[in-house]
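First comes the structure, then the notes that go with it.
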Amino acid sequence: DNPPTSKISRIVSDGELLPYAGGVTVIFTPGHTPGHICLYHHASQTLIAADELNIADGRLSGPSPGATPDMETALRSLAKLASFEIRTIISYHGGVLSDNAGGQLTDLIASHV
């Protein structure tokens, strides 16, 4: 099917701590899509950013303007990520960033405040 369908068995909430792999926090980050979320894995200090962040050539950037219908909200959502200690970022667009991931995110957030 296009778009694909799947059975939803449960809806997660912003700030909810999921009991998987040592704990994963749900972070509601709308803007790219109305219900966009990021996930933070506590044990590894990894942010699974999905489409909220992009990585290219080892550099972090915010959501893609051409694919983000509500850029103002998406940029406000970035600020929610500042409270997490982040060692690694995984992005749908760009893969894995480990080189100063938390510092790059801090700089990115500061540039959009």
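As shown in the structure tokens, the chain order sets the letters A, B, ...; within each chain, residues go from 1, and ligands are also counted from 1 in the order they appear.
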Could you make a table, as CSV, of the residues of region 12-71 of chain A that have an atom within 12 Å of an atom of region 86-104 of chain A, each with its nearest atom pair and distance in Å to one decimal, counting only C-alpha atoms, in chain and number order?
```
residue,atom,partner,partner_atom,distance
A:Cys38,CA,A:Ser91,CA,9.6
A:Leu39,CA,A:Ile90,CA,9.8
A:Tyr40,CA,A:Ile86,CA,8.5
A:His41,CA,A:Ile86,CA,9.3
A:His42,CA,A:Ile86,CA,9.0
A:Ala43,CA,A:Arg87,CA,10.5
A:Ser44,CA,A:Arg87,CA,7.5
A:Gln45,CA,A:Ile86,CA,5.0
A:Thr46,CA,A:Thr88,CA,4.7
A:Leu47,CA,A:Ile89,CA,4.8
A:Ile48,CA,A:Ile90,CA,4.8
A:Ala49,CA,A:Ser91,CA,5.1
A:Ala50,CA,A:Tyr92,CA,4.8
A:Asp51,CA,A:Tyr92,CA,5.9
A:Glu52,CA,A:Ser91,CA,7.8
A:Leu53,CA,A:Ser91,CA,6.1
A:Asn54,CA,A:His93,CA,5.2
A:Ile55,CA,A:Gly94,CA,4.4
A:Ala56,CA,A:Gly94,CA,5.7
A:Asp57,CA,A:Gly94,CA,8.4
A:Gly58,CA,A:Leu97,CA,6.5
A:Arg59,CA,A:Gln104,CA,7.6
A:Leu60,CA,A:Gln104,CA,6.3
A:Ser61,CA,A:Gln104,CA,8.7
A:Gly62,CA,A:Ser91,CA,10.5
A:Pro63,CA,A:His93,CA,9.6
A:Ser64,CA,A:His93,CA,9.5
A:Ala67,CA,A:His93,CA,11.6
```
Tell me, which residues of chain A carry DSSP strand (DSSP E), written as a PyMOL selection string? chain A and resi 17-18+24-28+37-41+46-56+59-61+88-93+95-97
Determine the nearest neighbour of Leu108 (chain A) from the options A:Phe84, A:Glu16, A:Gly31, A:Ala79, counting only C-alpha atoms. A:Ala79
Minimum-distance residue to Lys80 (chain A), chosen among A:Ala21, A:Pro65, A:Gly35, A:Gly15 (using only C-alpha atoms):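 Of A:Ala21, A:Pro65, A:Gly35, A:Gly15, the one nearest Lys80 (chain A), counting only C-alpha atoms, is A:Gly15.
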So which residues of chain A fall under alpha helix (DSSP H) by DSSP, listed as a list in words?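 So the alpha helix (DSSP H) residues in chain A would be Met71, Glu72, Thr73, Ala74, Leu75, Arg76, Ser77, Leu78, Ala101, Gly102, Gly103, Gln104, Leu105, Thr106, Asp107, Leu108, Ile109, Ala110 and Ser111 of chain A.
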Which residues are near Val12 (chain A)? Cut-off 12 Å, only C-alpha atoms, ignore same chain within fewer than 4 positions. Put them as a list in words. Ile8, Glu16, Leu17, Leu18, Val24, Thr25, Val26, Ile27, Phe28, Gly35, His36, Ile37, Cys38 and Leu39 of chain A
Gap from CA of Pro30 (chain A) to CA of Ile11 (chain A) - Å, one decimal: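 Between CA of Pro30 (chain A) and CA of Ile11 (chain A) the gap works out to 15.3 Å.
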